[in-house]
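J.: Have a peek at structure.pdb (PDB, C-alpha atoms).
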ATOM      1  CA  MET A   7      43.736 110.820  88.793
ATOM      2  CA  LYS A   8      46.167 113.726  88.699
ATOM      3  CA  ARG A   9      47.440 112.781  92.171
ATOM      4  CA  ILE A  10      48.051 109.184  91.049
ATOM      5  CA  ASN A  11      49.970 110.369  87.970
ATOM      6  CA  ASN A  12      52.049 112.758  90.098
ATOM      7  CA  PHE A  13      52.710 109.979  92.591
ATOM      8  CA  LEU A  14      53.773 107.560  89.814
ATOM      9  CA  LEU A  15      55.964 110.214  88.223
ATOM     10  CA  LEU A  16      57.583 110.995  91.568
ATOM     11  CA  THR A  17      58.129 107.283  92.241
ATOM     12  CA  VAL A  18      59.739 106.736  88.833
ATOM     13  CA  LEU A  19      62.012 109.744  89.329
ATOM     14  CA  PHE A  20      62.989 108.533  92.794
ATOM     15  CA  LEU A  21      63.772 105.014  91.547
ATOM     16  CA  THR A  22      65.791 106.455  88.660
ATOM     17  CA  PHE A  23      67.771 108.611  91.059
ATOM     18  CA  VAL A  24      68.450 105.675  93.407
ATOM     19  CA  SER A  25      69.493 103.346  90.581
ATOM     20  CA  CYS A  26      71.879 105.946  89.143
ATOM     21  CA  ASN A  27      73.609 106.347  92.494
ATOM     22  CA  ASN A  28      74.059 102.607  93.076
ATOM     23  CA  LYS A  29      76.663 102.090  90.356
ATOM     24  CA  LYS A  30      79.406  99.673  91.328
ATOM     25  CA  THR A  31      82.875 101.078  91.013
ATOM     26  CA  GLU A  32      85.217  98.504  89.565
ATOM     27  CA  ILE A  33      88.931  99.087  89.487
ATOM     28  CA  SER A  34      90.162  99.350  85.909
ATOM     29  CA  ASP A  35      93.078  97.275  84.667
ATOM     30  CA  LEU A  36      95.107 100.465  84.270
ATOM     31  CA  ASP A  37      94.530 101.380  87.933
ATOM     32  CA  LYS A  38      95.502  97.854  88.996
ATOM     33  CA  LEU A  39      98.720  98.171  86.996
ATOM     34  CA  ARG A  40      99.404 101.664  88.258
ATOM     35  CA  ASN A  41      99.270 100.391  91.842
ATOM     36  CA  SER A  42     101.060  97.077  91.300
ATOM     37  CA  ASN A  43     104.473  96.614  92.763
ATOM     38  CA  ASN A  44     106.379  93.867  94.460
ATOM     39  CA  THR A  45     105.760  94.910  98.064
ATOM     40  CA  LYS A  46     103.386  92.112  99.019
ATOM     41  CA  THR A  47     104.700  89.395 101.314
ATOM     42  CA  TYR A  48     103.317  85.880 101.598
ATOM     43  CA  PRO A  49     102.968  83.808 104.776
ATOM     44  CA  ALA A  50     105.293  80.807 104.990
ATOM     45  CA  VAL A  51     102.329  78.519 105.605
ATOM     46  CA  GLN A  52     100.820  79.627 102.310
ATOM     47  CA  MET A  53     104.148  79.099 100.514
ATOM     48  CA  ASP A  54     104.223  75.414 101.418
ATOM     49  CA  SER A  55     101.564  74.778  98.818
ATOM     50  CA  ALA A  56     102.733  74.138  95.260
ATOM     51  CA  GLN A  57      99.464  75.607  93.991
ATOM     52  CA  ALA A  58     100.085  78.831  95.922
ATOM     53  CA  ILE A  59     103.597  79.160  94.505
ATOM     54  CA  ASN A  60     102.254  78.490  91.015
ATOM     55  CA  TYR A  61      99.512  81.100  91.439
ATOM     56  CA  ILE A  62     101.853  83.771  92.821
ATOM     57  CA  THR A  63     104.444  83.139  90.112
ATOM     58  CA  LYS A  64     101.845  83.404  87.346
ATOM     59  CA  GLN A  65     100.531  86.623  88.906
ATOM     60  CA  LYS A  66     104.039  88.136  89.070
ATOM     61  CA  VAL A  67     104.870  87.120  85.477
ATOM     62  CA  GLN A  68     101.618  88.652  84.192
ATOM     63  CA  GLU A  69     102.117  91.874  86.190
ATOM     64  CA  LEU A  70     105.688  92.297  84.941
ATOM     65  CA  LEU A  71     104.666  91.721  81.322
ATOM     66  CA  ASP A  72     101.748  94.152  81.637
ATOM     67  CA  LEU A  73     104.054  96.797  83.085
ATOM     68  CA  SER A  74     106.569  96.124  80.291
ATOM     69  CA  THR A  75     104.030  96.654  77.513
ATOM     70  CA  LEU A  76     102.774  99.784  79.274
ATOM     71  CA  TYR A  77     106.335 101.124  79.562
ATOM     72  CA  LEU A  78     107.147 100.375  75.919
ATOM     73  CA  SER A  79     103.958 102.086  74.725
ATOM     74  CA  GLY A  80     105.161 105.376  76.235
ATOM     75  CA  ASN A  81     108.010 107.701  75.328
ATOM     76  CA  LYS A  82     110.362 106.097  77.898
ATOM     77  CA  ASN A  83     111.430 109.547  79.083
ATOM     78  CA  THR A  84     108.451 110.929  81.000
ATOM     79  CA  GLU A  85     107.907 110.938  84.743
ATOM     80  CA  ILE A  86     105.276 108.174  84.511
ATOM     81  CA  ASP A  87     107.664 106.062  82.409
ATOM     82  CA  THR A  88     110.277 106.435  85.159
ATOM     83  CA  VAL A  89     107.749 105.301  87.758
ATOM     84  CA  ILE A  90     106.717 102.277  85.658
ATOM     85  CA  TYR A  91     110.362 101.316  85.088
ATOM     86  CA  SER A  92     111.025 101.594  88.818
ATOM     87  CA  GLN A  93     108.022  99.359  89.516
ATOM     88  CA  MET A  94     109.381  96.798  87.073
ATOM     89  CA  GLN A  95     112.774  96.830  88.771
ATOM     90  CA  SER A  96     111.103  96.075  92.122
ATOM     91  CA  TYR A  97     110.223  92.617  90.769
ATOM     92  CA  PHE A  98     113.910  91.711  90.547
ATOM     93  CA  HIS A  99     116.261  90.814  93.353
ATOM     94  CA  LYS A 100     119.245  92.675  91.887
ATOM     95  CA  PRO A 101     118.259  94.522  88.707
ATOM     96  CA  ASP A 102     120.976  95.848  86.412
ATOM     97  CA  SER A 103     121.191  97.476  82.999
ATOM     98  CA  LEU A 104     120.704  94.123  81.200
ATOM     99  CA  THR A 105     117.675  92.982  83.220
ATOM    100  CA  PHE A 106     115.093  93.933  80.584
ATOM    101  CA  LYS A 107     117.213  93.692  77.428
ATOM    102  CA  ASN A 108     115.809  90.398  76.060
ATOM    103  CA  LEU A 109     112.259  91.188  77.141
ATOM    104  CA  PHE A 110     112.178  94.696  75.640
ATOM    105  CA  HIS A 111     113.839  93.565  72.425
ATOM    106  CA  GLU A 112     111.261  90.844  71.833
ATOM    107  CA  LEU A 113     108.225  92.964  72.721
ATOM    108  CA  ASP A 114     109.481  95.890  70.617
ATOM    109  CA  SER A 115     110.380  93.836  67.561
ATOM    110  CA  LEU A 116     106.948  92.166  67.467
ATOM    111  CA  LYS A 117     105.099  95.407  68.322
ATOM    112  CA  VAL A 118     103.311  93.709  71.226
ATOM    113  CA  LYS A 119     100.555  95.691  72.964
ATOM    114  CA  THR A 120      99.163  93.071  75.369
ATOM    115  CA  VAL A 121     100.297  89.715  76.719
ATOM    116  CA  LYS A 122      98.495  86.740  78.228
ATOM    117  CA  VAL A 123     100.353  84.176  80.342
ATOM    118  CA  ASN A 124      99.278  80.531  79.981
ATOM    119  CA  ASN A 125     100.359  77.082  81.166
ATOM    120  CA  LEU A 126     102.761  78.218  83.868
ATOM    121  CA  GLU A 127     104.580  75.448  85.688
ATOM    122  CA  VAL A 128     107.099  75.931  88.488
ATOM    123  CA  TYR A 129     109.854  73.427  89.123
ATOM    124  CA  LYS A 130     113.073  73.021  91.077
ATOM    125  CA  ASP A 131     116.480  72.115  89.706
ATOM    126  CA  ILE A 132     119.471  71.040  91.761
ATOM    127  CA  GLN A 133     122.804  72.391  90.517
ATOM    128  CA  ASN A 134     126.024  72.131  92.520
ATOM    129  CA  LYS A 135     124.123  71.351  95.740
ATOM    130  CA  ASP A 136     121.932  74.454  95.259
ATOM    131  CA  THR A 137     118.198  74.168  94.686
ATOM    132  CA  LEU A 138     117.069  76.690  92.073
ATOM    133  CA  ASP A 139     113.465  77.701  91.409
ATOM    134  CA  PHE A 140     112.258  78.123  87.833
ATOM    135  CA  ALA A 141     109.020  78.744  85.996
ATOM    136  CA  LYS A 142     108.286  77.775  82.436
ATOM    137  CA  PHE A 143     105.258  79.218  80.745
ATOM    138  CA  SER A 144     103.776  80.195  77.423
ATOM    139  CA  VAL A 145     102.917  83.767  76.523
ATOM    140  CA  GLU A 146     100.502  84.834  73.843
ATOM    141  CA  TYR A 147     101.256  88.211  72.287
ATOM    142  CA  PHE A 148      98.612  90.535  70.835
ATOM    143  CA  ASP A 149      98.960  93.629  68.648
ATOM    144  CA  ASN A 150      97.123  96.949  68.995
ATOM    145  CA  LYS A 151      94.049  95.455  67.251
ATOM    146  CA  ASN A 152      94.004  92.541  69.726
ATOM    147  CA  LYS A 153      95.093  90.159  66.967
ATOM    148  CA  THR A 154      97.300  87.321  68.132
ATOM    149  CA  LEU A 155     100.954  87.497  67.145
ATOM    150  CA  GLY A 156     101.715  83.982  68.334
ATOM    151  CA  THR A 157     102.395  81.931  71.442
ATOM    152  CA  PHE A 158     105.945  81.535  72.739
ATOM    153  CA  GLU A 159     107.533  79.299  75.375
ATOM    154  CA  LYS A 160     109.463  81.276  77.994
ATOM    155  CA  ASN A 161     111.148  80.768  81.325
ATOM    156  CA  ALA A 162     112.120  82.680  84.412
ATOM    157  CA  GLN A 163     114.183  82.009  87.506
ATOM    158  CA  TYR A 164     112.872  83.288  90.830
ATOM    159  CA  ILE A 165     113.618  83.207  94.543
ATOM    160  CA  LEU A 166     111.561  83.509  97.692
ATOM    161  CA  VAL A 167     113.353  85.689 100.239
ATOM    162  CA  SER A 168     112.362  85.691 103.894
ATOM    163  CA  THR A 169     111.498  89.157 105.129
ATOM    164  CA  PRO A 170     113.795  90.812 107.691
ATOM    165  CA  ASN A 171     113.110  90.085 111.364
ATOM    166  CA  THR A 172     110.788  87.216 110.509
ATOM    167  CA  LYS A 173     111.064  83.791 108.970
ATOM    168  CA  LYS A 174     107.310  83.485 108.611
ATOM    169  CA  GLU A 175     106.892  85.643 105.486
ATOM    170  CA  PHE A 176     108.514  85.649 102.071
ATOM    171  CA  LYS A 177     108.910  88.106  99.209
ATOM    172  CA  PHE A 178     108.983  87.007  95.593
ATOM    173  CA  PHE A 179     111.754  88.188  93.235
ATOM    174  CA  PHE A 180     112.854  87.256  89.738
ATOM    175  CA  LEU A 181     116.538  86.511  89.179
ATOM    176  CA  ASN A 182     116.330  86.015  85.406
ATOM    177  CA  PHE A 183     113.458  86.694  83.061
ATOM    178  CA  TYR A 184     113.268  85.649  79.392
ATOM    179  CA  SER A 185     116.790  84.342  79.594
ATOM    180  CA  ASN A 186     117.867  80.861  78.685
ATOM    181  CA  PRO A 187     119.257  79.358  81.870
ATOM    182  CA  LEU A 188     121.766  76.592  81.472
ATOM    183  CA  LEU A 189     119.752  73.770  82.928
ATOM    184  CA  LYS A 190     121.197  70.349  83.176
ATOM    185  CA  LYS A 191     118.720  67.613  82.473
ATOM    186  CA  ASP A 192     119.100  64.778  84.924
ATOM    187  CA  SER A 193     117.169  62.704  87.429
ATOM    188  CA  THR A 194     117.526  65.307  90.195
ATOM    189  CA  SER A 195     115.058  67.728  88.572
ATOM    190  CA  VAL A 196     111.759  67.695  90.385
ATOM    191  CA  GLY A 197     108.682  69.155  88.727
ATOM    192  CA  VAL A 198     105.896  70.882  90.586
ATOM    193  CA  THR A 199     102.700  71.218  88.599
ATOM    194  CA  ARG A 200      99.352  72.724  89.214
TER     195      ARG A 200
END
If you convert what's in this file into C-alpha cells, what do you get?
T.:
Amino acid sequence: MKRINNFLLLTVLFLTFVSCNNKKTEISDLDKLRNSNNTKTYPAVQMDSAQAINYITKQKVQELLDLSTLYLSGNKNTEIDTVIYSQMQSYFHKPDSLTFKNLFHELDSLKVKTVKVNNLEVYKDIQNKDTLDFAKFSVEYFDNKNKTLGTFEKNAQYILVSTPNTKKEFKFFFLNFYSNPLLKKDSTSVGVTR
C-alpha cells in the first residue's frame, strides 16, 4: 500500500512538473509594438489583391496609432521615447516636423490611451493625371480606464514604393495622416472595398 501511495505521489509530482514546463509563451502586445517598424516588404503578386492592400493598410494604421499612444504616454525625452518616435517616422515616406502635429494634438487633447481602427476602406483618386491612394477609416478612442471616448472618421494618404533593385516587392509608406486632403469629388474616383 505504501509503495502504491509513493508511486501515485511520484506520478502526480512528475505530471505537475511536466505541465508547469509546457507553458506557451505568447508575445505580449507591448513586445509586438516594441519590434514593429516599417521594414516589411510585400510581394507584387500579393499587392494585386484589394483585400491584401486593405489588410496591410489597416495593419499599418493600427501600428502607427499604437506607437503614437505609447509615445504620448511617456516623457517624450527618454531614450525609449526617441526610439518610438523614430519607429513612427519610418512609416512615412518623407517625415518632417509637422508629420505628427494633428495626430498628437488630437490624442493629447482627448487623453487617449488606446485606439481601435474600424471600417477601413482604401480607394484611389485621380487628380491631374496622377492616381493617389487613400484610406478612410473610423477610430475608436479609449481612456486609461478603457472607457470609450468616441468614434471618429479619419483619413490617410499612402503610397506603395517598389524596393530598390526589384520591381517585385513594395514597401508601404504614409504621405499624410489625419490630414484633410483636398479631394475632388467626381466620376473618376474609384472605390476599393473589402
J.: Starting from the PyMOL selection byres ((chain A and resi 104) around 12), expand the selection into actual residues of this file and give them as a compact mmCIF listing (two decimals) with C-alpha atoms, in the coordinates of the input.
T.:
# COMPACT_ATOMS: atom_id res chain seq x y z
CA GLN A 95 112.77 96.83 88.77
CA PHE A 98 113.91 91.71 90.55
CA LYS A 100 119.24 92.68 91.89
CA PRO A 101 118.26 94.52 88.71
CA ASP A 102 120.98 95.85 86.41
CA SER A 103 121.19 97.48 83.00
CA THR A 105 117.68 92.98 83.22
CA PHE A 106 115.09 93.93 80.58
CA LYS A 107 117.21 93.69 77.43
CA ASN A 108 115.81 90.40 76.06
CA LEU A 109 112.26 91.19 77.14
CA PHE A 110 112.18 94.70 75.64
CA HIS A 111 113.84 93.56 72.42
CA LEU A 181 116.54 86.51 89.18
CA ASN A 182 116.33 86.02 85.41
CA PHE A 183 113.46 86.69 83.06
CA TYR A 184 113.27 85.65 79.39
CA SER A 185 116.79 84.34 79.59
J.: Check the smallest atom-to-atom distance from each of A:Lys117, A:Lys122, A:Lys160, A:Lys177 to Tyr97 (chain A) using all atoms listed in the file, then report the winner.
T.: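 With all atoms listed in the file as the atom set, the closest residue is A:Lys177.
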J.: Between A:Asn150, A:Met94, A:Ala56, A:Thr63, which is the closest to Ser79 (chain A) once you count all atoms listed in the file?
T.: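 For Ser79 (chain A), the nearest of the candidates is A:Asn150.
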J.: Evaluate the PyMOL selection byres ((chain A and resi 73) around 9) and record the selected residues as a list in words, following the chain and residue labels used in the document.
T.: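 Matching residues under the PyMOL selection byres ((chain A and resi 73) around 9) are Leu39, Arg40, Ser42, Gln68, Glu69, Leu70, Leu71, Asp72, Ser74, Thr75, Leu76, Tyr77, Leu78, Ile90, Tyr91, Gln93 and Met94 of chain A.
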J.: Find the residues near Glu159 (chain A): any atom within 9 Å, counting only C-alpha atoms, skip ones fewer than 2 places away on the same chain, and give them as a ChimeraX atom specification.
T.: /A:142-145,157,161
J.: If you measure from CA of Lys151 (chain A) to CA of Gly80 (chain A), what distance in Å do you get, rounded to one decimal?
T.: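 Going from CA of Lys151 (chain A) over to CA of Gly80 (chain A) covers 17.4 Å.
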J.: Using the chain letters and numbers from this file, what does the PyMOL selection byres ((chain A and resi 179) around 6) select? Give the answer as a list in words.
T.: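 When the PyMOL selection byres ((chain A and resi 179) around 6) is applied to the shown file, the picked residues are Tyr97, Phe98, His99, Tyr164, Ile165, Phe178 and Phe180 of chain A.
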J.: Between CA of Glu112 (chain A) and CA of Glu127 (chain A), what is the spacing in Å?
T.: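 Those two atoms sit 21.8 Å apart.
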